[in-house]
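A.B. asks: Here it is, the structure in full.
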Amino acid sequence: MNMIKNASSASKKAFLNYGIVIVFFIVFQTLVSTGNITSALKGQLIPIVCYMIMAVSLNLVVGISGELSLGHAGFMSVGAFTAVIVSSAMGDAANPAKLVVSMIVGAGVAAIAGFLIGIPVLRLNGDYLAIVTLAFGEIIKNILNCLYVGIDEKGVHFAFNNPDALGMNPLGKVVINGPMGAVGISKIATFPAAVILLMIILIVIQNLVNSRTGRAIMAIRDNRIAAESMGLSPMKYKMLAFTVSASMAGAAGAVYALNYSTLVPKKFDFNTSILVLVFVVLGGIGNMTGSLIAAGVLVVLPELLRKFSDYRMLVYAIVLILVMLVTNNEKLKGRIDTFFKKFRMNIAKGGRKK
Amino acid sequence: MLAHLINGISLGSIYAIIALGYTMVYGIAKMLNFAHGDVIMVGGYISFCSMMYLNLPAPVAVLVAVFVCTVLGIVVERLAYKPLRAATSLAVLITAIGMSYFLQNAALLIWGANPKAFPNMFKNIEAIEIAGARVSPVAIVAIVANLIIMVALTLFTTRTKVGKAMRAVSEDKGAATLMGINVNFTISLTFAIGSGLAAIAGVLLCTAYPTLMPTTGSMPGIKAFTAAVFGGIGSIPGAMIGGILLGIIEILARAYISSELADAIVFGVLIVVLIFRPTGLLGKQIHEKV
Amino acid sequence: MSKSPEVKLVNVPSPNFVPEKDADKPLVLEAAHLGIDFGGLVAVDEFNIGIGATEICGLIGPNGAGKTTIFNLLTKVYEPTRGTIMLGGKDTHNMTPVQVNQMGIARTFQNIRLFDKLSVEENVKIGLHNHIGYHTLSGVFRLPSYWKEEKKSHERALELLDIFGMADLANVTADSLPYGAQRRLEIVRALATGPKLLLLDEPAAGMNPSETEELMNNIRKIRDEFQIAVLLIEHDMNLVMGICESIVVLNFGRIIAKGTPSQIQGNPQVIEAYLGTHRG
């Protein structure tokens, strides 16, 4: 208990985030079990948690490590399609076992992808790094578009760019069918499992950030040359953050995929990467609480705006631009601050008169 | 083979014209204007409407598109980017992404999601035969247009006062202001030129690949941006070389390897180039002062 | 000028000399025929230096003489075009700044390079990074070694900050410190990496005379307590003449004089190149 009492402000923030996740879980789990939830929103619960994981893991790269990545969805798709293959290959195993193994393998394969991509990418700076991560995201999508996987009693068959090369016997089942994506996925993901994954990922990220490794990552972000002169290898720590983040996106992808019966590679294109980046930026760079809330609100918001279906994305775009203008322009920020101050003073005065 | 090569140069010329917009804006405002690709789409729709609904002749329709996009470019810069001149590059990038969403969804509301068949401006002209390869007139027009634009822009930035001011602003905004250069005007002008070029590219692109949708501009936009980085962002000849190389690689990959993988190969080449030349083919190397 | 510590310089088996007290100890750093060109321009040439184990050595010269470039060569921010740098008897050819730091060289920067958004204590802990002995996974899973080592590094950080009386500022963010305190924090941070040689780039810049006086005492104290060598670039002649045991004078990228403070003060070439124009 002494530990908690002595906790620094950083650990207090960490506990706040765990609290948010637990409350979120209890509220929605209660709504689900009492049947007080629309089926549309219920269907969104697992994707919301997946996007929360995507947002906090991207924040590790963008906020903590300070590198602008535009290809995060690529790692999500690596995890997603790996999970589809693994869960299909496990056949009759129990669902929880299938889910856990799929997540772990999905995270592992995404970590390998992250490591390999990190080698060339992390040598570059700023905007160049951004465009190359974008390019890798598109490359992953294109490669998955050419991937054919089938399973028969002899095992798993892979083919590239040619479905006829699978060489399965006629009873075999095609699991991933090129641009048509994964078909006939068994929907084994559950909301509690997704929340547990989110919790584990939050713990890992926050403990990592508040350790010597996290300090090293932030030092390299703040001043690479000074960090090098302190004996910290930039490549090592950038790579660590990038790979860990990729594996988390892979785990999120695994849960996401196992929540749908079909899934196309196009789902994880550049636009999805951008969407997650928007969560991170609107939630506040480096602010994990913000990422959680932004991801939750912004995934649900378009659903709530469904009444204005034609206008919802337009409204979304305008809101995004306005938020960026208001939060990043000193003059506008000042004006809004004084407006609120006056507003508050007026309320205070009004109260006194009565 | 020759036909593929010419088609590649032609597609590359369109990329180069778009890439010029990216590169000039990046050079001067140090921002990635993600909405640039969507200006291409707006240019396409405007010329489409001018021809189909107003029955204007094709050259006039192109001029109308250029005019509308130029105004659009200036308005977008004034409303969304100018207030953020002191903000972080990430904030500007997200705003540009927001602008891209806005333009796409506005187009979706105005023109609908169904693809429009773009009229062929050159339907009365036969395909030309060059050394046994049949080349469509639009391919020739794209190549010629690219050459003219390149020469004109090079002359403009090196010979005219405004063009020199543009280069001065891209080198050092503060010093340019002290020299009496109107920085805001110069940046607006850059956006105007870039957007006007995007309109021309939009018309060429839609003539060569005649389906027009609200998302038509996004992929060519990303590829042109890749071309600009490939050639060295900020460099005008770099944009031209990057664009043409990218076009050739894409067409050849499509023809000889796989149309599914063509984009992956294009991006793969970009990555290889950046590994060996971290600032692109013609980009300047910048060292941090210690 | 202020009182010079009267030191006798003795020759060591090389073209260099060190204070008498360090004569029987190996040199901490030795550079020979060092030079670097930037695009055909010779920035530094024929730079030779030997630094004794506990020597305080000054590197002075007019602006643009190449002093910071020498620091960048010694810390391998730049790879030299010519010459060798021996650190504790090892050639640092093709080594990175990270490697030479781990071999015992630490520095501060002329234009302060702190980790602005992190706290003072965290800045020092980053200096301690390679002396904090727990694995990334122990940190992630909060194993006992994490708690033990974090506690140890917290105490060590405060101890180091206390040299400059800054322990009470531990939780302040680095960018909110006043200028002089930022310079002092840079020294503490460099010291935390456990160097054998400390390079200080204009440590007294922007300090008032009483702060400079205190800084001089602290540099001496650090040297005595940690038994390390110090190489410093400084324009404040009171500081240089007051604490340096030997001085190297640089002009146009070349050494124009070497010796004790009193030798340098009396050197007509130095007076012409530097002191003459500097203080009138």
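Identifiers for the structure tokens are assigned positionally: chains receive A, B, ... in sequence, residues are indexed from 1 per chain, and ligands are indexed from 1 in the order shown.
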Report the closest atom pair, with its distance in Å rounded to one decimal, for each residue of chain A that has an atom no farther than 10 Å from chain C; count only C-alpha atoms, sort by chain and then rising residue number, and write it as a Markdown table.
C.D. replies:
| residue | atom | partner | partner_atom | distance |
| --- | --- | --- | --- | --- |
| A:Met3 | CA | C:Trp147 | CA | 9.5 |
| A:Ile203 | CA | C:Val140 | CA | 7.7 |
| A:Val204 | CA | C:Val140 | CA | 5.5 |
| A:Ile205 | CA | C:Val140 | CA | 7.7 |
| A:Gln206 | CA | C:Val140 | CA | 8.1 |
| A:Asn207 | CA | C:Val140 | CA | 4.9 |
| A:Leu208 | CA | C:Val140 | CA | 5.1 |
| A:Val209 | CA | C:Val140 | CA | 8.6 |
| A:Asn210 | CA | C:Gly139 | CA | 8.0 |
| A:Ser211 | CA | C:Gly139 | CA | 5.5 |
| A:Arg212 | CA | C:His129 | CA | 6.6 |
| A:Thr213 | CA | C:Thr136 | CA | 6.0 |
| A:Gly214 | CA | C:Thr136 | CA | 8.9 |
| A:Arg215 | CA | C:Ile126 | CA | 6.5 |
| A:Ala216 | CA | C:Ile126 | CA | 6.4 |
| A:Ile217 | CA | C:Ile126 | CA | 9.9 |
| A:Met218 | CA | C:Phe115 | CA | 8.1 |
| A:Ala219 | CA | C:Phe115 | CA | 5.8 |
| A:Ile220 | CA | C:Phe115 | CA | 8.5 |
| A:Arg221 | CA | C:Phe115 | CA | 8.6 |
| A:Asp222 | CA | C:Phe115 | CA | 5.4 |
| A:Asn223 | CA | C:Phe115 | CA | 6.2 |
| A:Arg224 | CA | C:Arg113 | CA | 9.3 |
| A:Ile225 | CA | C:Arg113 | CA | 8.1 |
| A:Ala226 | CA | C:Arg113 | CA | 6.0 |
| A:Ala227 | CA | C:Ile126 | CA | 8.0 |
| A:Glu228 | CA | C:Val98 | CA | 5.1 |
| A:Ser229 | CA | C:Pro97 | CA | 5.6 |
| A:Met230 | CA | C:Gly127 | CA | 5.6 |
| A:Gly231 | CA | C:Val98 | CA | 4.2 |
| A:Leu232 | CA | C:Val98 | CA | 6.0 |
| A:Ser233 | CA | C:Val98 | CA | 6.1 |
| A:Pro234 | CA | C:Val98 | CA | 9.0 |
| A:Leu240 | CA | C:Thr136 | CA | 9.8 |
A.B. asks: Output C-alpha atoms for every residue in that selection, as a short mmCIF file (atom, residue, chain, number, x, y, z; two decimals), in the first residue's frame.
C.D. replies:
data_model
loop_
_atom_site.label_atom_id
_atom_site.label_comp_id
_atom_site.auth_asym_id
_atom_site.auth_seq_id
_atom_site.Cartn_x
_atom_site.Cartn_y
_atom_site.Cartn_z
CA MET A 3 3.65 2.02 -3.06
CA ILE A 203 -0.52 -1.70 -18.01
CA VAL A 204 2.36 -2.59 -20.32
CA ILE A 205 2.45 0.84 -21.97
CA GLN A 206 2.19 2.83 -18.74
CA ASN A 207 4.72 0.72 -16.87
CA LEU A 208 7.04 0.94 -19.86
CA VAL A 209 6.72 4.72 -20.01
CA ASN A 210 7.41 5.08 -16.28
CA SER A 211 10.59 3.01 -16.35
CA ARG A 212 14.18 3.59 -17.42
CA THR A 213 13.25 2.37 -20.91
CA GLY A 214 10.41 4.88 -21.21
CA ARG A 215 12.66 7.70 -20.03
CA ALA A 216 15.20 6.72 -22.67
CA ILE A 217 12.54 6.75 -25.40
CA MET A 218 11.33 10.20 -24.34
CA ALA A 219 14.88 11.53 -24.02
CA ILE A 220 15.59 10.50 -27.61
CA ARG A 221 12.36 12.16 -28.70
CA ASP A 222 13.17 15.42 -26.91
CA ASN A 223 16.79 15.69 -27.99
CA ARG A 224 18.42 12.95 -29.98
CA ILE A 225 21.93 14.37 -29.89
CA ALA A 226 21.93 14.92 -26.13
CA ALA A 227 20.50 11.42 -25.60
CA GLU A 228 23.28 9.90 -27.71
CA SER A 229 25.86 11.80 -25.69
CA MET A 230 24.32 10.21 -22.56
CA GLY A 231 24.97 6.77 -24.02
CA LEU A 232 21.44 6.00 -25.26
CA SER A 233 21.17 4.33 -28.65
CA PRO A 234 18.34 6.03 -30.59
CA LEU A 240 11.59 -1.04 -29.17
#
A.B. asks: Can you tell me, as a ChimeraX atom specification, which residues in segment 140-244 of chain A count as helix (DSSP H, G or I) by DSSP?
C.D. replies: /A:140-145,163-166,178-180,191-209,212-222,224-229,234-244
A.B. asks: Generate the output file for the selected residues, C-alpha atoms, as an mmCIF file, in the first residue's frame.
C.D. replies:
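Listing of part.cif after writing:
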data_model
loop_
_atom_site.group_PDB
_atom_site.id
_atom_site.type_symbol
_atom_site.label_atom_id
_atom_site.label_comp_id
_atom_site.auth_asym_id
_atom_site.auth_seq_id
_atom_site.Cartn_x
_atom_site.Cartn_y
_atom_site.Cartn_z
ATOM 1 C CA ILE A 140 0.855 -4.739 -46.538
ATOM 2 C CA LYS A 141 -2.661 -4.200 -47.895
ATOM 3 C CA ASN A 142 -1.560 -5.051 -51.449
ATOM 4 C CA ILE A 143 0.261 -8.182 -50.337
ATOM 5 C CA LEU A 144 -2.752 -9.375 -48.338
ATOM 6 C CA ASN A 145 -4.877 -8.737 -51.416
ATOM 7 C CA PRO A 163 -5.731 -19.128 -56.030
ATOM 8 C CA ASP A 164 -5.279 -22.251 -58.148
ATOM 9 C CA ALA A 165 -1.868 -22.843 -56.613
ATOM 10 C CA LEU A 166 -3.384 -23.735 -53.251
ATOM 11 C CA GLY A 178 -7.271 -12.714 -51.977
ATOM 12 C CA PRO A 179 -9.054 -9.372 -52.397
ATOM 13 C CA MET A 180 -12.279 -10.977 -51.132
ATOM 14 C CA PHE A 191 -16.369 -8.025 -25.044
ATOM 15 C CA PRO A 192 -14.809 -9.074 -21.693
ATOM 16 C CA ALA A 193 -11.853 -10.654 -23.513
ATOM 17 C CA ALA A 194 -11.301 -7.463 -25.501
ATOM 18 C CA VAL A 195 -11.409 -5.367 -22.318
ATOM 19 C CA ILE A 196 -8.907 -7.669 -20.593
ATOM 20 C CA LEU A 197 -6.564 -7.238 -23.568
ATOM 21 C CA LEU A 198 -6.989 -3.454 -23.409
ATOM 22 C CA MET A 199 -6.209 -3.537 -19.678
ATOM 23 C CA ILE A 200 -3.044 -5.607 -20.208
ATOM 24 C CA ILE A 201 -1.900 -3.301 -22.986
ATOM 25 C CA LEU A 202 -2.508 -0.194 -20.881
ATOM 26 C CA ILE A 203 -0.519 -1.701 -18.007
ATOM 27 C CA VAL A 204 2.356 -2.589 -20.319
ATOM 28 C CA ILE A 205 2.445 0.845 -21.967
ATOM 29 C CA GLN A 206 2.190 2.827 -18.744
ATOM 30 C CA ASN A 207 4.716 0.717 -16.873
ATOM 31 C CA LEU A 208 7.039 0.941 -19.856
ATOM 32 C CA VAL A 209 6.718 4.721 -20.014
ATOM 33 C CA ARG A 212 14.176 3.594 -17.424
ATOM 34 C CA THR A 213 13.252 2.372 -20.911
ATOM 35 C CA GLY A 214 10.413 4.880 -21.208
ATOM 36 C CA ARG A 215 12.661 7.704 -20.032
ATOM 37 C CA ALA A 216 15.200 6.716 -22.666
ATOM 38 C CA ILE A 217 12.541 6.746 -25.396
ATOM 39 C CA MET A 218 11.335 10.198 -24.337
ATOM 40 C CA ALA A 219 14.879 11.526 -24.019
ATOM 41 C CA ILE A 220 15.594 10.501 -27.606
ATOM 42 C CA ARG A 221 12.356 12.162 -28.698
ATOM 43 C CA ASP A 222 13.167 15.420 -26.913
ATOM 44 C CA ARG A 224 18.420 12.947 -29.979
ATOM 45 C CA ILE A 225 21.926 14.375 -29.887
ATOM 46 C CA ALA A 226 21.929 14.917 -26.133
ATOM 47 C CA ALA A 227 20.498 11.417 -25.599
ATOM 48 C CA GLU A 228 23.284 9.902 -27.711
ATOM 49 C CA SER A 229 25.862 11.796 -25.688
ATOM 50 C CA PRO A 234 18.343 6.034 -30.592
ATOM 51 C CA MET A 235 17.837 3.127 -32.980
ATOM 52 C CA LYS A 236 17.479 0.600 -30.150
ATOM 53 C CA TYR A 237 14.817 2.516 -28.256
ATOM 54 C CA LYS A 238 12.883 3.778 -31.271
ATOM 55 C CA MET A 239 12.828 0.207 -32.517
ATOM 56 C CA LEU A 240 11.585 -1.043 -29.173
ATOM 57 C CA ALA A 241 8.700 1.440 -29.098
ATOM 58 C CA PHE A 242 7.826 0.776 -32.741
ATOM 59 C CA THR A 243 7.879 -3.023 -32.381
ATOM 60 C CA VAL A 244 5.912 -3.059 -29.126
#
A.B. asks: With only C-alpha atoms as the counted atoms, please give the residues lying no more than 12 Å from segment 32-45 of chain A, apart from itself and same-chain residues fewer than 5 positions off, as a PDB file with N, CA and C atoms, in the first residue's frame.
C.D. replies:
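Once written, around_28.pdb looks like this:
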ATOM      1  N   PHE A  24     -16.024   1.821 -17.761  1.00  0.00           N
ATOM      2  CA  PHE A  24     -16.543   1.615 -19.114  1.00  0.00           C
ATOM      3  C   PHE A  24     -17.069   0.183 -19.257  1.00  0.00           C
ATOM      4  N   PHE A  25     -16.266  -0.767 -18.775  1.00  0.00           N
ATOM      5  CA  PHE A  25     -16.649  -2.176 -18.901  1.00  0.00           C
ATOM      6  C   PHE A  25     -17.910  -2.470 -18.099  1.00  0.00           C
ATOM      7  N   ILE A  26     -17.925  -2.011 -16.836  1.00  0.00           N
ATOM      8  CA  ILE A  26     -19.063  -2.336 -15.974  1.00  0.00           C
ATOM      9  C   ILE A  26     -20.343  -1.743 -16.550  1.00  0.00           C
ATOM     10  N   VAL A  27     -20.269  -0.483 -16.992  1.00  0.00           N
ATOM     11  CA  VAL A  27     -21.465   0.181 -17.520  1.00  0.00           C
ATOM     12  C   VAL A  27     -22.002  -0.588 -18.720  1.00  0.00           C
ATOM     13  N   CYS A  50     -11.121  -2.311 -29.629  1.00  0.00           N
ATOM     14  CA  CYS A  50      -9.983  -2.497 -30.541  1.00  0.00           C
ATOM     15  C   CYS A  50      -9.400  -1.145 -30.945  1.00  0.00           C
ATOM     16  N   TYR A  51     -10.268  -0.181 -31.247  1.00  0.00           N
ATOM     17  CA  TYR A  51      -9.755   1.137 -31.633  1.00  0.00           C
ATOM     18  C   TYR A  51      -9.085   1.846 -30.454  1.00  0.00           C
ATOM     19  N   MET A  52      -9.573   1.565 -29.238  1.00  0.00           N
ATOM     20  CA  MET A  52      -8.889   2.131 -28.064  1.00  0.00           C
ATOM     21  C   MET A  52      -7.466   1.577 -27.985  1.00  0.00           C
ATOM     22  N   LYS A 187     -16.922 -16.337 -35.128  1.00  0.00           N
ATOM     23  CA  LYS A 187     -16.929 -15.111 -34.315  1.00  0.00           C
ATOM     24  C   LYS A 187     -16.729 -15.472 -32.855  1.00  0.00           C
ATOM     25  N   ALA A 189     -14.599 -13.698 -30.643  1.00  0.00           N
ATOM     26  CA  ALA A 189     -14.176 -12.604 -29.767  1.00  0.00           C
ATOM     27  C   ALA A 189     -15.323 -12.216 -28.844  1.00  0.00           C
ATOM     28  N   THR A 190     -14.999 -11.877 -27.594  1.00  0.00           N
ATOM     29  CA  THR A 190     -16.032 -11.425 -26.657  1.00  0.00           C
ATOM     30  C   THR A 190     -15.623 -10.083 -26.070  1.00  0.00           C
ATOM     31  N   PHE A 191     -16.629  -9.350 -25.605  1.00  0.00           N
ATOM     32  CA  PHE A 191     -16.369  -8.025 -25.044  1.00  0.00           C
ATOM     33  C   PHE A 191     -15.450  -8.094 -23.818  1.00  0.00           C
ATOM     34  N   PRO A 192     -15.735  -9.013 -22.850  1.00  0.00           N
ATOM     35  CA  PRO A 192     -14.809  -9.074 -21.693  1.00  0.00           C
ATOM     36  C   PRO A 192     -13.378  -9.399 -22.113  1.00  0.00           C
ATOM     37  N   ALA A 193     -13.213 -10.305 -23.081  1.00  0.00           N
ATOM     38  CA  ALA A 193     -11.853 -10.654 -23.513  1.00  0.00           C
ATOM     39  C   ALA A 193     -11.153  -9.430 -24.095  1.00  0.00           C
ATOM     40  N   ALA A 194     -11.890  -8.657 -24.898  1.00  0.00           N
ATOM     41  CA  ALA A 194     -11.301  -7.463 -25.501  1.00  0.00           C
ATOM     42  C   ALA A 194     -10.879  -6.474 -24.417  1.00  0.00           C
ATOM     43  N   VAL A 195     -11.734  -6.317 -23.384  1.00  0.00           N
ATOM     44  CA  VAL A 195     -11.409  -5.367 -22.318  1.00  0.00           C
ATOM     45  C   VAL A 195     -10.182  -5.835 -21.531  1.00  0.00           C
ATOM     46  N   VAL A 255      -8.404  -9.528 -32.279  1.00  0.00           N
ATOM     47  CA  VAL A 255      -9.723  -9.478 -31.648  1.00  0.00           C
ATOM     48  C   VAL A 255     -10.754  -8.911 -32.621  1.00  0.00           C
ATOM     49  N   TYR A 256     -10.330  -7.873 -33.352  1.00  0.00           N
ATOM     50  CA  TYR A 256     -11.236  -7.224 -34.302  1.00  0.00           C
ATOM     51  C   TYR A 256     -11.721  -8.231 -35.351  1.00  0.00           C
ATOM     52  N   ASN A 259     -14.319 -10.881 -34.518  1.00  0.00           N
ATOM     53  CA  ASN A 259     -15.635 -10.363 -34.190  1.00  0.00           C
ATOM     54  C   ASN A 259     -16.526 -10.297 -35.436  1.00  0.00           C
ATOM     55  N   TYR A 260     -15.954 -10.585 -36.609  1.00  0.00           N
ATOM     56  CA  TYR A 260     -16.732 -10.512 -37.839  1.00  0.00           C
ATOM     57  C   TYR A 260     -16.691 -11.860 -38.551  1.00  0.00           C
ATOM     58  N   ALA A 295     -10.994   7.733 -28.820  1.00  0.00           N
ATOM     59  CA  ALA A 295     -11.332   6.552 -29.604  1.00  0.00           C
ATOM     60  C   ALA A 295     -12.766   6.126 -29.317  1.00  0.00           C
ATOM     61  N   GLY A 296     -13.124   6.093 -28.032  1.00  0.00           N
ATOM     62  CA  GLY A 296     -14.471   5.682 -27.666  1.00  0.00           C
ATOM     63  C   GLY A 296     -15.515   6.605 -28.266  1.00  0.00           C
ATOM     64  N   VAL A 297     -15.343   7.905 -28.048  1.00  0.00           N
ATOM     65  CA  VAL A 297     -16.354   8.866 -28.501  1.00  0.00           C
ATOM     66  C   VAL A 297     -16.434   8.892 -30.028  1.00  0.00           C
ATOM     67  N   LEU A 298     -15.282   8.905 -30.680  1.00  0.00           N
ATOM     68  CA  LEU A 298     -15.298   9.106 -32.136  1.00  0.00           C
ATOM     69  C   LEU A 298     -15.712   7.852 -32.904  1.00  0.00           C
ATOM     70  N   VAL A 299     -15.619   6.673 -32.277  1.00  0.00           N
ATOM     71  CA  VAL A 299     -16.167   5.500 -32.961  1.00  0.00           C
ATOM     72  C   VAL A 299     -17.684   5.491 -32.826  1.00  0.00           C
ATOM     73  N   VAL A 300     -18.167   5.922 -31.650  1.00  0.00           N
ATOM     74  CA  VAL A 300     -19.610   5.900 -31.418  1.00  0.00           C
ATOM     75  C   VAL A 300     -20.306   7.058 -32.127  1.00  0.00           C
ATOM     76  N   LEU A 301     -19.620   8.210 -32.182  1.00  0.00           N
ATOM     77  CA  LEU A 301     -20.255   9.426 -32.714  1.00  0.00           C
ATOM     78  C   LEU A 301     -20.908   9.237 -34.087  1.00  0.00           C
ATOM     79  N   PRO A 302     -20.208   8.702 -35.086  1.00  0.00           N
ATOM     80  CA  PRO A 302     -20.854   8.516 -36.387  1.00  0.00           C
ATOM     81  C   PRO A 302     -22.091   7.622 -36.288  1.00  0.00           C
ATOM     82  N   GLU A 303     -22.064   6.655 -35.344  1.00  0.00           N
ATOM     83  CA  GLU A 303     -23.239   5.803 -35.151  1.00  0.00           C
ATOM     84  C   GLU A 303     -24.412   6.633 -34.635  1.00  0.00           C
ATOM     85  N   LEU A 304     -24.105   7.523 -33.665  1.00  0.00           N
ATOM     86  CA  LEU A 304     -25.158   8.363 -33.101  1.00  0.00           C
ATOM     87  C   LEU A 304     -25.691   9.338 -34.138  1.00  0.00           C
ATOM     88  N   ARG A 306     -26.180   8.756 -37.125  1.00  0.00           N
ATOM     89  CA  ARG A 306     -26.702   8.022 -38.269  1.00  0.00           C
ATOM     90  C   ARG A 306     -27.974   8.655 -38.833  1.00  0.00           C
TER      91      ARG A 306
END
A.B. asks: Could you tell me which residues of chain A sit within 8 Å of chain B when counting only C-alpha atoms, and give me the result as a VMD selection string?
C.D. replies: chain A and resid 68 120 123 to 124 128 131 to 132 135 to 136 138 to 140 142 to 143 145 to 146 225 278 281 310 to 311 313 to 314 317 to 318 320 to 321 324 to 325 328 to 329
A.B. asks: Dump as an MDAnalysis selection string the residues of chain C that approach chain B to within 9 Å, counting only C-alpha atoms.
C.D. replies: chainID C and resid 68:69 72 77 109:111
A.B. asks: Save out the residues we just selected, N, CA and C atoms, as a PDB file, in the first residue's frame.
C.D. replies:
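Below is the file that was written, part.pdb:
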ATOM      1  N   THR C  68      34.111  24.171 -30.533  1.00  0.00           N
ATOM      2  CA  THR C  68      32.998  23.218 -30.405  1.00  0.00           C
ATOM      3  C   THR C  68      33.168  22.073 -31.397  1.00  0.00           C
ATOM      4  N   THR C  69      33.756  22.373 -32.566  1.00  0.00           N
ATOM      5  CA  THR C  69      34.025  21.311 -33.541  1.00  0.00           C
ATOM      6  C   THR C  69      34.931  20.242 -32.929  1.00  0.00           C
ATOM      7  N   ASN C  72      32.890  18.096 -30.819  1.00  0.00           N
ATOM      8  CA  ASN C  72      32.101  17.191 -31.651  1.00  0.00           C
ATOM      9  C   ASN C  72      32.955  16.067 -32.224  1.00  0.00           C
ATOM     10  N   VAL C  77      30.422  13.049 -32.646  1.00  0.00           N
ATOM     11  CA  VAL C  77      29.281  13.576 -33.390  1.00  0.00           C
ATOM     12  C   VAL C  77      29.719  13.701 -34.851  1.00  0.00           C
ATOM     13  N   PHE C 109      26.462  21.080 -23.676  1.00  0.00           N
ATOM     14  CA  PHE C 109      26.336  21.714 -24.981  1.00  0.00           C
ATOM     15  C   PHE C 109      26.309  23.233 -24.846  1.00  0.00           C
ATOM     16  N   GLN C 110      26.883  23.872 -25.865  1.00  0.00           N
ATOM     17  CA  GLN C 110      26.914  25.336 -25.882  1.00  0.00           C
ATOM     18  C   GLN C 110      25.485  25.887 -25.919  1.00  0.00           C
ATOM     19  N   ASN C 111      24.684  25.362 -26.881  1.00  0.00           N
ATOM     20  CA  ASN C 111      23.255  25.692 -26.891  1.00  0.00           C
ATOM     21  C   ASN C 111      22.583  24.582 -26.104  1.00  0.00           C
TER      22      ASN C 111
END
A.B. asks: Grab the atom CA of Phe47 of chain C to atom CA of Val270 of chain C distance for me, in Å with one decimal place.
C.D. replies: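 The value is 16.6 Å.
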A.B. asks: With a distance cut-off of 8 Å and only C-alpha atoms, select the neighbouring residues of Met76 of chain A, excluding the residue or stretch itself and same-chain residues fewer than 4 positions from it, and output the selection as a PDB file with C-alpha atoms, in the first residue's frame.
C.D. replies:
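Output below, filename around32.pdb:
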ATOM      1  CA  MET A  54      -5.002   1.022 -31.608  1.00  0.00           C
ATOM      2  CA  HIS A  72      -0.574   1.638 -38.035  1.00  0.00           C
ATOM      3  CA  ALA A  80      -6.164  -9.792 -38.037  1.00  0.00           C
ATOM      4  CA  ALA A 110       2.786  -8.084 -36.230  1.00  0.00           C
ATOM      5  CA  ALA A 246       3.083  -2.928 -33.791  1.00  0.00           C
ATOM      6  CA  ALA A 249      -1.912  -3.278 -33.029  1.00  0.00           C
ATOM      7  CA  GLY A 250      -1.596  -6.913 -34.113  1.00  0.00           C
ATOM      8  CA  ALA A 251      -3.372  -8.114 -30.965  1.00  0.00           C
ATOM      9  CA  ALA A 252      -6.115  -5.527 -31.516  1.00  0.00           C
ATOM     10  CA  GLY A 253      -6.437  -6.714 -35.118  1.00  0.00           C
ATOM     11  CA  ALA A 254      -6.805 -10.308 -33.948  1.00  0.00           C
ATOM     12  CA  PHE A 268      -7.202  -1.674 -42.966  1.00  0.00           C
TER      13      PHE A 268
END
A.B. asks: Name all residues at most 10 Å from Ile200 of chain B (count only C-alpha atoms; drop same-chain ones fewer than 2 positions away) and give them as a PDB file with C-alpha atoms, in the first residue's frame.
C.D. replies:
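part.pdb, freshly written:
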ATOM      1  CA  ILE B  14       0.058  13.520 -64.682  1.00  0.00           C
ATOM      2  CA  ILE B  17       1.847  17.855 -62.446  1.00  0.00           C
ATOM      3  CA  ILE B  18       0.153  16.874 -59.172  1.00  0.00           C
ATOM      4  CA  ILE B  40      -7.830  16.998 -58.453  1.00  0.00           C
ATOM      5  CA  GLY B  43     -11.223  19.813 -60.914  1.00  0.00           C
ATOM      6  CA  GLY B  44     -12.529  16.663 -62.548  1.00  0.00           C
ATOM      7  CA  SER B  47     -14.906  20.244 -65.909  1.00  0.00           C
ATOM      8  CA  VAL B  62     -10.705  23.128 -68.475  1.00  0.00           C
ATOM      9  CA  LEU B  63     -10.306  26.861 -67.880  1.00  0.00           C
ATOM     10  CA  ALA B  65     -11.974  23.999 -63.636  1.00  0.00           C
ATOM     11  CA  VAL B  66      -8.612  25.730 -63.277  1.00  0.00           C
ATOM     12  CA  CYS B  69      -9.673  25.113 -58.170  1.00  0.00           C
ATOM     13  CA  ALA B 142      -0.331  14.907 -70.854  1.00  0.00           C
ATOM     14  CA  ALA B 145       1.344  19.712 -70.938  1.00  0.00           C
ATOM     15  CA  ASN B 146       3.843  18.500 -68.354  1.00  0.00           C
ATOM     16  CA  SER B 195      -4.402  24.008 -57.135  1.00  0.00           C
ATOM     17  CA  GLY B 196      -4.648  25.282 -60.697  1.00  0.00           C
ATOM     18  CA  LEU B 197      -2.180  22.599 -61.757  1.00  0.00           C
ATOM     19  CA  ALA B 198      -4.207  20.031 -59.803  1.00  0.00           C
ATOM     20  CA  GLY B 202      -7.679  16.214 -62.778  1.00  0.00           C
ATOM     21  CA  VAL B 203      -8.955  16.736 -66.314  1.00  0.00           C
ATOM     22  CA  LEU B 204      -6.080  14.713 -67.801  1.00  0.00           C
ATOM     23  CA  LEU B 205      -6.520  11.929 -65.258  1.00  0.00           C
TER      24      LEU B 205
END
